[in-house]
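Input: a single structure, listed below in C-alpha cells.
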Amino acid sequence: MITIREYLKAASLEEAWNANQKRPNRVLGGMGWMKMSSGNVSTAIDLSGLSLDQIEETDDAFIVGAMATLRQFETHEGLERYFHGAVRESVRHIVGVQFRNCATIGGSVWLRAGFSDPLTLLLALDCTVELYQGGEQTVQIPIAEFCRMKPDNSILTAVHIRKTGRQIAYQSFRNTETDFPVLAVAVSRLDGSYCAAVGARPTRAMEVNAEQVEELIEKAQALPYGDNLRASAEYRRMLAGVLIRRAADELERR
C-alpha cells in the first residue's frame with residue numbers, strides 16, 4: 001500500500017518542478033500503477049491543472065500531452081488515420097476502458113516499464129520526449145535516449161511524434177486478453193529501412209534497425225531476454241521472430 005502525507009495540485013510547471021526536487025515527493029500520473037506500489041510519499045504532485053491533457057495535431061507532428069489518457073490516445077482520429085490503427089492496437093488490451101480512461105501517456109512513458117505497450121510503440125516511431133527542467137528550460141530528447149536514462153527530477157510534459165511518413169504495425173502476445181504482454185513488438189518502415197522495438201522481454205523495450213526483415217529478426221533475437229512466470233527467455237526469443245514477421249507482413253499488405 002502507498003501512503004501519501006500531503007497533496008499538491010500544481011498551479012504551474014515551476015511549482016511542480018520545485019516540489020519534485022525533494023526526494024520523498026512524487027508526481028502523479030493517472031495513478032494506474034502507482035496505487036499498486038508500496039512506500040511513503042511526502043507530497044503527491046498533481047499535474048491535472050496544467051492543461052497537459054490534450055493531443056494536438058500540427059502539419060508535421062502529433063503532440064501528446066503527458067496527462068492525456070491512454071483512452072484519448074486510443075481513440076484520437078488523427079493518430080488512427082495516420083498510423084493505420086497501430087496506436088489503437090498498442091493499447092486496446094490494457095486492462096479495460098475504465099483503466100485506460102485513468103492511466104496517462106506520461107505515466108506510461110516516464111515509468112519506462114518493461115511491460116509498457118505504448119512505450120514499445122513510440123520507440124519505433126520518430127519521437128522526442130519534452131522535459132521541463134525549471135525556469136524557462138525545456139528540452140526535447142529522442143525517446144530512445146530517454147529510455148536509457150535513469151529517472152531524474154525533470155517533469156515530462158509531452159511526447160512529440162513527428163509525421164515523417166513512417167509506417168508502423170504493432171503485435172503482441174498475451175496469455176490472456178487483458179494480461180501483461182508475454183512479448184510486444186512494433187515494426188516501422190521508412191524509405192525501405194526497418195526499425196523494430198521489442199518490449200516485455202520482460203525488461204525495458206529496446207530497438208534494432210536493419211534494411212531487410214531477416215536481418216531485423218536476427219538482430220532482435222540477439223537482444224537479451226529474461227525468464228518470468230509468463231514465459232522463458234528462449235520462448236520470447238522465438239516469439240520475437242514470429243511477431244516481427246507478422247508486423248512486417250502487415251506493412252507489406254498496405
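So you can find residues: chains in the C-alpha cells are A, B, ... in the order shown, residues in each start at 1, and ligands are numbered from 1 in order.
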Please tabulate, as JSON lines, the residues of range 75-116 of chain A that come within 10 Å of range 40-59 of chain A, each with its closest pair of atoms and the distance in Å to one decimal, counting only C-alpha atoms and ordering rows by chain, then residue number upward.
```
{"residue": "A:His76", "atom": "CA", "partner": "A:Ile55", "partner_atom": "CA", "distance": 7.9}
{"residue": "A:Gly78", "atom": "CA", "partner": "A:Glu57", "partner_atom": "CA", "distance": 7.2}
{"residue": "A:Leu79", "atom": "CA", "partner": "A:Glu57", "partner_atom": "CA", "distance": 8.7}
{"residue": "A:Thr104", "atom": "CA", "partner": "A:Asp53", "partner_atom": "CA", "distance": 8.7}
{"residue": "A:Ile105", "atom": "CA", "partner": "A:Asp53", "partner_atom": "CA", "distance": 9.4}
{"residue": "A:Gly106", "atom": "CA", "partner": "A:Leu52", "partner_atom": "CA", "distance": 9.5}
```
Please run DSSP on the backbone and report, as an MDAnalysis selection string, all residues within range 13-200 of chain A that come out as strand (DSSP E). chainID A and resid 26:27 39:46 55:57 61:65 127:132 138:142 155:162 167:173 183:190 193:199
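When DSSP reads the backbone of this structure, the residues of range 155-229 of chain A it assigns to alpha helix (DSSP H) are A:Val213, A:Glu214, A:Glu215, A:Leu216, A:Ile217, A:Glu218, A:Lys219, A:Ala220, A:Gln221.
Remark: for Thr138 in chain A, the closest of the candidate residues A:Lys150, A:Thr75, A:Trp17, A:Tyr225 is A:Trp17 (distances computed over only C-alpha atoms).
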Spatial neighbours of Glu136 in chain A, 12 Å, only C-alpha atoms, chain gap at least 2 places, as a PyMOL selection string: chain A and resi 13-14+17+131-134+138-139
Take the residues just selected and output them with N, CA and C atoms as a PDB file, in the first residue's frame.
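As a result, selection38.pdb now contains:
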```
ATOM      1  N   LEU A  13       4.041  24.738 -13.920  1.00  0.00           N
ATOM      2  CA  LEU A  13       5.117  23.758 -14.069  1.00  0.00           C
ATOM      3  C   LEU A  13       6.254  24.061 -13.109  1.00  0.00           C
ATOM      4  N   GLU A  14       6.506  25.341 -12.884  1.00  0.00           N
ATOM      5  CA  GLU A  14       7.585  25.726 -11.974  1.00  0.00           C
ATOM      6  C   GLU A  14       7.296  25.223 -10.561  1.00  0.00           C
ATOM      7  N   TRP A  17       7.789  21.484 -10.554  1.00  0.00           N
ATOM      8  CA  TRP A  17       9.215  21.139 -10.634  1.00  0.00           C
ATOM      9  C   TRP A  17       9.908  21.377  -9.291  1.00  0.00           C
ATOM     10  N   LEU A 131      10.830  17.557 -21.775  1.00  0.00           N
ATOM     11  CA  LEU A 131      11.067  17.577 -20.336  1.00  0.00           C
ATOM     12  C   LEU A 131      11.230  19.016 -19.856  1.00  0.00           C
ATOM     13  N   TYR A 132      10.514  19.361 -18.790  1.00  0.00           N
ATOM     14  CA  TYR A 132      10.664  20.671 -18.153  1.00  0.00           C
ATOM     15  C   TYR A 132      11.682  20.534 -17.033  1.00  0.00           C
ATOM     16  N   GLN A 133      12.668  21.439 -17.023  1.00  0.00           N
ATOM     17  CA  GLN A 133      13.769  21.325 -16.065  1.00  0.00           C
ATOM     18  C   GLN A 133      13.962  22.588 -15.235  1.00  0.00           C
ATOM     19  N   GLY A 134      12.885  23.330 -15.027  1.00  0.00           N
ATOM     20  CA  GLY A 134      12.939  24.506 -14.167  1.00  0.00           C
ATOM     21  C   GLY A 134      13.180  25.790 -14.928  1.00  0.00           C
ATOM     22  N   THR A 138      13.266  23.989 -21.133  1.00  0.00           N
ATOM     23  CA  THR A 138      12.549  22.814 -21.619  1.00  0.00           C
ATOM     24  C   THR A 138      13.395  22.175 -22.707  1.00  0.00           C
ATOM     25  N   VAL A 139      13.606  20.885 -22.614  1.00  0.00           N
ATOM     26  CA  VAL A 139      14.429  20.184 -23.597  1.00  0.00           C
ATOM     27  C   VAL A 139      13.615  19.077 -24.242  1.00  0.00           C
TER      28      VAL A 139
END
```
How close does range 42-97 of chain A get to range 183-200 of chain A? List, as CSV, each residue of range 42-97 of chain A within 12 Å, its nearest atom pair and the distance in Å to one decimal, counting only C-alpha atoms.
```
residue,atom,partner,partner_atom,distance
A:Phe83,CA,A:Ser188,CA,10.1
A:His84,CA,A:Ser188,CA,11.9
A:Ala86,CA,A:Ala186,CA,8.6
A:Val87,CA,A:Ala186,CA,10.2
A:Glu89,CA,A:Ala186,CA,10.3
A:Ser90,CA,A:Ala186,CA,8.6
A:Val91,CA,A:Ala184,CA,11.1
A:His93,CA,A:Ala184,CA,11.5
```
If you count only C-alpha atoms, which residues fall within 7 Å of range 233-248 of chain A, apart from same-chain ones fewer than 2 positions away, as a PDB file with all heavy atoms, in the first residue's frame?
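Okay, this is what ended up in part00.pdb:
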```pdb
ATOM      1  N   ALA A 169       3.385  -1.073 -37.612  1.00  0.00           N
ATOM      2  CA  ALA A 169       2.433  -2.116 -37.233  1.00  0.00           C
ATOM      3  C   ALA A 169       2.807  -2.614 -35.844  1.00  0.00           C
ATOM      4  O   ALA A 169       3.995  -2.647 -35.495  1.00  0.00           O
ATOM      5  CB  ALA A 169       2.455  -3.266 -38.236  1.00  0.00           C
ATOM      6  N   TYR A 170       1.789  -2.992 -35.071  1.00  0.00           N
ATOM      7  CA  TYR A 170       2.020  -3.418 -33.690  1.00  0.00           C
ATOM      8  C   TYR A 170       1.486  -4.821 -33.475  1.00  0.00           C
ATOM      9  O   TYR A 170       0.382  -5.154 -33.910  1.00  0.00           O
ATOM     10  CB  TYR A 170       1.327  -2.467 -32.716  1.00  0.00           C
ATOM     11  CG  TYR A 170       1.780  -2.647 -31.287  1.00  0.00           C
ATOM     12  CD1 TYR A 170       2.932  -2.034 -30.830  1.00  0.00           C
ATOM     13  CD2 TYR A 170       1.064  -3.451 -30.396  1.00  0.00           C
ATOM     14  CE1 TYR A 170       3.369  -2.202 -29.516  1.00  0.00           C
ATOM     15  CE2 TYR A 170       1.491  -3.623 -29.089  1.00  0.00           C
ATOM     16  CZ  TYR A 170       2.644  -2.996 -28.662  1.00  0.00           C
ATOM     17  OH  TYR A 170       3.075  -3.170 -27.371  1.00  0.00           O
ATOM     18  N   GLN A 171       2.294  -5.662 -32.816  1.00  0.00           N
ATOM     19  CA  GLN A 171       1.901  -7.026 -32.496  1.00  0.00           C
ATOM     20  C   GLN A 171       2.275  -7.320 -31.049  1.00  0.00           C
ATOM     21  O   GLN A 171       3.328  -6.893 -30.577  1.00  0.00           O
ATOM     22  CB  GLN A 171       2.627  -8.029 -33.412  1.00  0.00           C
ATOM     23  CG  GLN A 171       2.240  -7.963 -34.870  1.00  0.00           C
ATOM     24  CD  GLN A 171       0.951  -8.704 -35.154  1.00  0.00           C
ATOM     25  OE1 GLN A 171       0.582  -9.634 -34.448  1.00  0.00           O
ATOM     26  NE2 GLN A 171       0.252  -8.280 -36.203  1.00  0.00           N
ATOM     27  N   LEU A 183       5.241 -10.797 -24.830  1.00  0.00           N
ATOM     28  CA  LEU A 183       6.188 -10.061 -25.670  1.00  0.00           C
ATOM     29  C   LEU A 183       5.396  -9.055 -26.500  1.00  0.00           C
ATOM     30  O   LEU A 183       4.263  -9.327 -26.899  1.00  0.00           O
ATOM     31  CB  LEU A 183       6.964 -11.005 -26.604  1.00  0.00           C
ATOM     32  CG  LEU A 183       8.224 -10.379 -27.213  1.00  0.00           C
ATOM     33  CD1 LEU A 183       9.359 -10.342 -26.196  1.00  0.00           C
ATOM     34  CD2 LEU A 183       8.674 -11.123 -28.462  1.00  0.00           C
ATOM     35  N   VAL A 185       5.868  -6.163 -29.822  1.00  0.00           N
ATOM     36  CA  VAL A 185       6.746  -5.776 -30.927  1.00  0.00           C
ATOM     37  C   VAL A 185       6.082  -4.690 -31.762  1.00  0.00           C
ATOM     38  O   VAL A 185       4.901  -4.796 -32.106  1.00  0.00           O
ATOM     39  CB  VAL A 185       7.059  -6.996 -31.832  1.00  0.00           C
ATOM     40  CG1 VAL A 185       7.637  -6.551 -33.169  1.00  0.00           C
ATOM     41  CG2 VAL A 185       8.014  -7.953 -31.140  1.00  0.00           C
ATOM     42  N   VAL A 187       6.956  -2.714 -35.391  1.00  0.00           N
ATOM     43  CA  VAL A 187       7.846  -2.669 -36.549  1.00  0.00           C
ATOM     44  C   VAL A 187       7.438  -1.493 -37.426  1.00  0.00           C
ATOM     45  O   VAL A 187       6.267  -1.361 -37.792  1.00  0.00           O
ATOM     46  CB  VAL A 187       7.783  -3.973 -37.365  1.00  0.00           C
ATOM     47  CG1 VAL A 187       8.621  -3.852 -38.634  1.00  0.00           C
ATOM     48  CG2 VAL A 187       8.272  -5.158 -36.534  1.00  0.00           C
ATOM     49  N   ARG A 201      10.438  -8.003 -22.555  1.00  0.00           N
ATOM     50  CA  ARG A 201      11.430  -9.074 -22.772  1.00  0.00           C
ATOM     51  C   ARG A 201      11.839  -9.876 -21.554  1.00  0.00           C
ATOM     52  O   ARG A 201      12.564 -10.871 -21.757  1.00  0.00           O
ATOM     53  CB  ARG A 201      12.708  -8.445 -23.390  1.00  0.00           C
ATOM     54  CG  ARG A 201      12.471  -7.826 -24.734  1.00  0.00           C
ATOM     55  CD  ARG A 201      13.665  -7.093 -25.315  1.00  0.00           C
ATOM     56  NE  ARG A 201      14.134  -6.017 -24.476  1.00  0.00           N
ATOM     57  CZ  ARG A 201      15.247  -6.062 -23.757  1.00  0.00           C
ATOM     58  NH1 ARG A 201      16.017  -7.124 -23.762  1.00  0.00           N
ATOM     59  NH2 ARG A 201      15.599  -5.046 -23.017  1.00  0.00           N
ATOM     60  N   ILE A 217      15.026  -9.528 -37.828  1.00  0.00           N
ATOM     61  CA  ILE A 217      14.705 -10.628 -36.918  1.00  0.00           C
ATOM     62  C   ILE A 217      15.962 -11.129 -36.214  1.00  0.00           C
ATOM     63  O   ILE A 217      15.966 -11.363 -34.998  1.00  0.00           O
ATOM     64  CB  ILE A 217      14.008 -11.774 -37.680  1.00  0.00           C
ATOM     65  CG1 ILE A 217      12.616 -11.320 -38.137  1.00  0.00           C
ATOM     66  CG2 ILE A 217      13.913 -13.033 -36.819  1.00  0.00           C
ATOM     67  CD1 ILE A 217      11.909 -12.308 -39.046  1.00  0.00           C
ATOM     68  N   ALA A 220      16.976  -8.662 -33.573  1.00  0.00           N
ATOM     69  CA  ALA A 220      16.031  -8.657 -32.459  1.00  0.00           C
ATOM     70  C   ALA A 220      16.216  -9.890 -31.585  1.00  0.00           C
ATOM     71  O   ALA A 220      16.151  -9.803 -30.352  1.00  0.00           O
ATOM     72  CB  ALA A 220      14.599  -8.592 -32.988  1.00  0.00           C
ATOM     73  N   GLN A 221      16.474 -11.019 -32.206  1.00  0.00           N
ATOM     74  CA  GLN A 221      16.659 -12.243 -31.429  1.00  0.00           C
ATOM     75  C   GLN A 221      17.984 -12.269 -30.684  1.00  0.00           C
ATOM     76  O   GLN A 221      18.162 -13.054 -29.755  1.00  0.00           O
ATOM     77  CB  GLN A 221      16.530 -13.462 -32.339  1.00  0.00           C
ATOM     78  CG  GLN A 221      15.100 -13.673 -32.843  1.00  0.00           C
ATOM     79  CD  GLN A 221      14.938 -14.906 -33.714  1.00  0.00           C
ATOM     80  OE1 GLN A 221      15.848 -15.266 -34.451  1.00  0.00           O
ATOM     81  NE2 GLN A 221      13.791 -15.547 -33.617  1.00  0.00           N
ATOM     82  N   TYR A 225      17.033 -11.536 -23.416  1.00  0.00           N
ATOM     83  CA  TYR A 225      15.681 -11.876 -22.969  1.00  0.00           C
ATOM     84  C   TYR A 225      15.771 -12.519 -21.596  1.00  0.00           C
ATOM     85  O   TYR A 225      16.801 -13.079 -21.226  1.00  0.00           O
ATOM     86  CB  TYR A 225      15.006 -12.833 -23.958  1.00  0.00           C
ATOM     87  CG  TYR A 225      14.710 -12.208 -25.299  1.00  0.00           C
ATOM     88  CD1 TYR A 225      15.696 -12.130 -26.281  1.00  0.00           C
ATOM     89  CD2 TYR A 225      13.467 -11.673 -25.586  1.00  0.00           C
ATOM     90  CE1 TYR A 225      15.439 -11.542 -27.510  1.00  0.00           C
ATOM     91  CE2 TYR A 225      13.196 -11.083 -26.818  1.00  0.00           C
ATOM     92  CZ  TYR A 225      14.195 -11.026 -27.773  1.00  0.00           C
ATOM     93  OH  TYR A 225      13.939 -10.430 -28.981  1.00  0.00           O
ATOM     94  N   GLY A 226      14.671 -12.439 -20.846  1.00  0.00           N
ATOM     95  CA  GLY A 226      14.674 -12.981 -19.494  1.00  0.00           C
ATOM     96  C   GLY A 226      13.502 -13.910 -19.240  1.00  0.00           C
ATOM     97  O   GLY A 226      12.553 -13.982 -20.031  1.00  0.00           O
ATOM     98  N   ASP A 227      13.575 -14.617 -18.135  1.00  0.00           N
ATOM     99  CA  ASP A 227      12.513 -15.531 -17.712  1.00  0.00           C
ATOM    100  C   ASP A 227      11.640 -14.854 -16.661  1.00  0.00           C
ATOM    101  O   ASP A 227      12.118 -14.083 -15.847  1.00  0.00           O
ATOM    102  CB  ASP A 227      13.100 -16.798 -17.080  1.00  0.00           C
ATOM    103  CG  ASP A 227      14.095 -17.493 -17.995  1.00  0.00           C
ATOM    104  OD1 ASP A 227      13.807 -17.628 -19.191  1.00  0.00           O
ATOM    105  OD2 ASP A 227      15.160 -17.911 -17.496  1.00  0.00           O
ATOM    106  N   ALA A 231       6.738 -16.529 -19.273  1.00  0.00           N
ATOM    107  CA  ALA A 231       7.443 -17.232 -20.351  1.00  0.00           C
ATOM    108  C   ALA A 231       8.931 -17.292 -20.060  1.00  0.00           C
ATOM    109  O   ALA A 231       9.452 -16.512 -19.246  1.00  0.00           O
ATOM    110  CB  ALA A 231       7.204 -16.536 -21.695  1.00  0.00           C
ATOM    111  N   GLU A 250       2.186  -7.286 -42.357  1.00  0.00           N
ATOM    112  CA  GLU A 250       1.099  -6.297 -42.306  1.00  0.00           C
ATOM    113  C   GLU A 250       1.488  -5.018 -43.045  1.00  0.00           C
ATOM    114  O   GLU A 250       0.673  -4.446 -43.776  1.00  0.00           O
ATOM    115  CB  GLU A 250       0.745  -5.998 -40.857  1.00  0.00           C
ATOM    116  CG  GLU A 250      -0.416  -5.035 -40.696  1.00  0.00           C
ATOM    117  CD  GLU A 250      -0.741  -4.734 -39.244  1.00  0.00           C
ATOM    118  OE1 GLU A 250      -0.425  -5.573 -38.376  1.00  0.00           O
ATOM    119  OE2 GLU A 250      -1.299  -3.636 -38.976  1.00  0.00           O
ATOM    120  N   LEU A 251       2.719  -4.577 -42.868  1.00  0.00           N
ATOM    121  CA  LEU A 251       3.188  -3.393 -43.589  1.00  0.00           C
ATOM    122  C   LEU A 251       3.194  -3.624 -45.092  1.00  0.00           C
ATOM    123  O   LEU A 251       2.868  -2.723 -45.873  1.00  0.00           O
ATOM    124  CB  LEU A 251       4.593  -3.009 -43.107  1.00  0.00           C
ATOM    125  CG  LEU A 251       4.713  -2.504 -41.676  1.00  0.00           C
ATOM    126  CD1 LEU A 251       6.165  -2.216 -41.342  1.00  0.00           C
ATOM    127  CD2 LEU A 251       3.863  -1.260 -41.452  1.00  0.00           C
ATOM    128  N   GLU A 252       3.566  -4.825 -45.520  1.00  0.00           N
ATOM    129  CA  GLU A 252       3.609  -5.137 -46.951  1.00  0.00           C
ATOM    130  C   GLU A 252       2.227  -5.120 -47.580  1.00  0.00           C
ATOM    131  O   GLU A 252       2.083  -4.794 -48.759  1.00  0.00           O
ATOM    132  CB  GLU A 252       4.255  -6.511 -47.157  1.00  0.00           C
ATOM    133  CG  GLU A 252       5.759  -6.548 -46.953  1.00  0.00           C
ATOM    134  CD  GLU A 252       6.503  -5.672 -47.962  1.00  0.00           C
ATOM    135  OE1 GLU A 252       6.036  -5.588 -49.120  1.00  0.00           O
ATOM    136  OE2 GLU A 252       7.491  -5.061 -47.569  1.00  0.00           O
TER     137      GLU A 252
END
```
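Reported to one decimal place, the separation of CA of Gly30 in chain A from CA of Arg5 in chain A is 18.1 Å.
Interatomic distance, CA of Ile4 in chain A to CA of Phe99 in chain A: 21.2 Å.
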For Trp110 in chain A, find every residue with an atom within 9 Å (counting only C-alpha atoms), except residues of its own chain fewer than 5 positions away, and show them as a short mmCIF file (atom, residue, chain, number, x, y, z; two decimals) with all heavy atoms, in the first residue's frame.
```cif
data_model
loop_
_atom_site.label_atom_id
_atom_site.label_comp_id
_atom_site.auth_asym_id
_atom_site.auth_seq_id
_atom_site.Cartn_x
_atom_site.Cartn_y
_atom_site.Cartn_z
N ILE A 105 -0.48 8.81 -20.72
CA ILE A 105 0.70 8.59 -21.56
C ILE A 105 1.96 8.96 -20.80
O ILE A 105 2.97 8.25 -20.85
CB ILE A 105 0.59 9.42 -22.86
CG1 ILE A 105 -0.39 8.75 -23.82
CG2 ILE A 105 1.95 9.55 -23.54
CD1 ILE A 105 0.06 7.40 -24.37
N PHE A 146 15.94 8.69 -24.05
CA PHE A 146 15.19 8.79 -22.81
C PHE A 146 15.03 7.43 -22.14
O PHE A 146 15.14 7.30 -20.92
CB PHE A 146 13.82 9.40 -23.09
CG PHE A 146 12.91 9.47 -21.91
CD1 PHE A 146 13.04 10.47 -20.96
CD2 PHE A 146 11.90 8.53 -21.74
CE1 PHE A 146 12.19 10.53 -19.86
CE2 PHE A 146 11.05 8.58 -20.65
CZ PHE A 146 11.20 9.58 -19.71
N CYS A 147 14.80 6.39 -22.95
CA CYS A 147 14.61 5.05 -22.40
C CYS A 147 15.85 4.54 -21.68
O CYS A 147 15.75 3.73 -20.76
CB CYS A 147 14.24 4.07 -23.52
SG CYS A 147 12.53 4.20 -24.04
N PRO A 151 15.67 7.72 -14.23
CA PRO A 151 14.72 8.77 -13.86
C PRO A 151 15.39 9.88 -13.05
O PRO A 151 16.25 9.62 -12.21
CB PRO A 151 13.69 8.01 -13.00
CG PRO A 151 13.78 6.60 -13.48
CD PRO A 151 15.23 6.38 -13.82
N LEU A 156 8.01 15.46 -17.14
CA LEU A 156 7.62 15.09 -18.50
C LEU A 156 6.34 15.84 -18.86
O LEU A 156 5.33 15.71 -18.17
CB LEU A 156 7.41 13.59 -18.60
CG LEU A 156 6.85 13.03 -19.90
CD1 LEU A 156 7.79 13.31 -21.06
CD2 LEU A 156 6.60 11.53 -19.78
#
```
As a list in words, please: the residues near Glu145 in chain A (cut-off 10 Å, only C-alpha atoms, same-chain neighbours under 2 positions excluded). Leu123, Thr128, Val129, Ile141, Pro142, Ile143, Cys147, Arg148 and Met149 of chain A
File of the preceding selection, all heavy atoms, as a short mmCIF file (atom, residue, chain, number, x, y, z; two decimals), in the first residue's frame:
```cif
data_model
loop_
_atom_site.label_atom_id
_atom_site.label_comp_id
_atom_site.auth_asym_id
_atom_site.auth_seq_id
_atom_site.Cartn_x
_atom_site.Cartn_y
_atom_site.Cartn_z
N LEU A 123 8.76 3.84 -29.35
CA LEU A 123 10.18 3.64 -29.59
C LEU A 123 10.47 3.35 -31.06
O LEU A 123 11.57 3.60 -31.54
CB LEU A 123 10.69 2.50 -28.71
CG LEU A 123 12.20 2.33 -28.55
CD1 LEU A 123 12.85 3.60 -28.03
CD2 LEU A 123 12.49 1.15 -27.63
N THR A 128 10.20 12.43 -29.86
CA THR A 128 11.01 13.07 -28.83
C THR A 128 10.16 13.25 -27.58
O THR A 128 8.94 13.35 -27.65
CB THR A 128 11.55 14.45 -29.28
OG1 THR A 128 10.44 15.29 -29.64
CG2 THR A 128 12.50 14.31 -30.46
N VAL A 129 10.82 13.28 -26.45
CA VAL A 129 10.15 13.48 -25.17
C VAL A 129 10.48 14.89 -24.68
O VAL A 129 11.64 15.30 -24.69
CB VAL A 129 10.63 12.43 -24.15
CG1 VAL A 129 10.06 12.72 -22.77
CG2 VAL A 129 10.24 11.04 -24.59
N ILE A 141 14.37 15.37 -26.10
CA ILE A 141 15.38 14.36 -26.38
C ILE A 141 14.72 13.19 -27.08
O ILE A 141 13.54 12.90 -26.87
CB ILE A 141 16.11 13.90 -25.10
CG1 ILE A 141 15.12 13.25 -24.13
CG2 ILE A 141 16.82 15.06 -24.43
CD1 ILE A 141 15.79 12.63 -22.93
N PRO A 142 15.47 12.49 -27.95
CA PRO A 142 14.90 11.30 -28.63
C PRO A 142 14.43 10.28 -27.60
O PRO A 142 15.06 10.09 -26.56
CB PRO A 142 16.08 10.77 -29.45
CG PRO A 142 16.99 11.94 -29.63
CD PRO A 142 16.86 12.76 -28.38
N ILE A 143 13.33 9.62 -27.90
CA ILE A 143 12.76 8.70 -26.93
C ILE A 143 13.68 7.51 -26.66
O ILE A 143 13.68 6.98 -25.54
CB ILE A 143 11.35 8.23 -27.39
CG1 ILE A 143 10.62 7.61 -26.20
CG2 ILE A 143 11.44 7.32 -28.59
CD1 ILE A 143 9.13 7.46 -26.41
N CYS A 147 14.80 6.39 -22.95
CA CYS A 147 14.61 5.05 -22.40
C CYS A 147 15.85 4.54 -21.68
O CYS A 147 15.75 3.73 -20.76
CB CYS A 147 14.24 4.07 -23.52
SG CYS A 147 12.53 4.20 -24.04
N ARG A 148 17.01 5.00 -22.11
CA ARG A 148 18.26 4.54 -21.50
C ARG A 148 18.66 5.36 -20.28
O ARG A 148 19.58 4.99 -19.55
CB ARG A 148 19.38 4.55 -22.55
CG ARG A 148 19.19 3.53 -23.66
CD ARG A 148 20.41 3.44 -24.56
NE ARG A 148 20.52 4.60 -25.43
CZ ARG A 148 20.00 4.66 -26.66
NH1 ARG A 148 19.33 3.62 -27.14
NH2 ARG A 148 20.14 5.73 -27.41
N MET A 149 17.99 6.49 -20.07
CA MET A 149 18.30 7.37 -18.94
C MET A 149 17.72 6.83 -17.64
O MET A 149 16.70 6.14 -17.64
CB MET A 149 17.74 8.77 -19.18
CG MET A 149 18.39 9.55 -20.28
SD MET A 149 17.44 11.07 -20.69
CE MET A 149 17.27 11.86 -19.09
#
```
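Counting from CA of Thr69 in chain A, the distance to CA of Cys102 in chain A is 6.1 Å.
Nearest residue to Ala16 in chain A among A:Gln140, A:Ser38, A:Ser154, A:Ser172 is A:Ser154, counting only C-alpha atoms.
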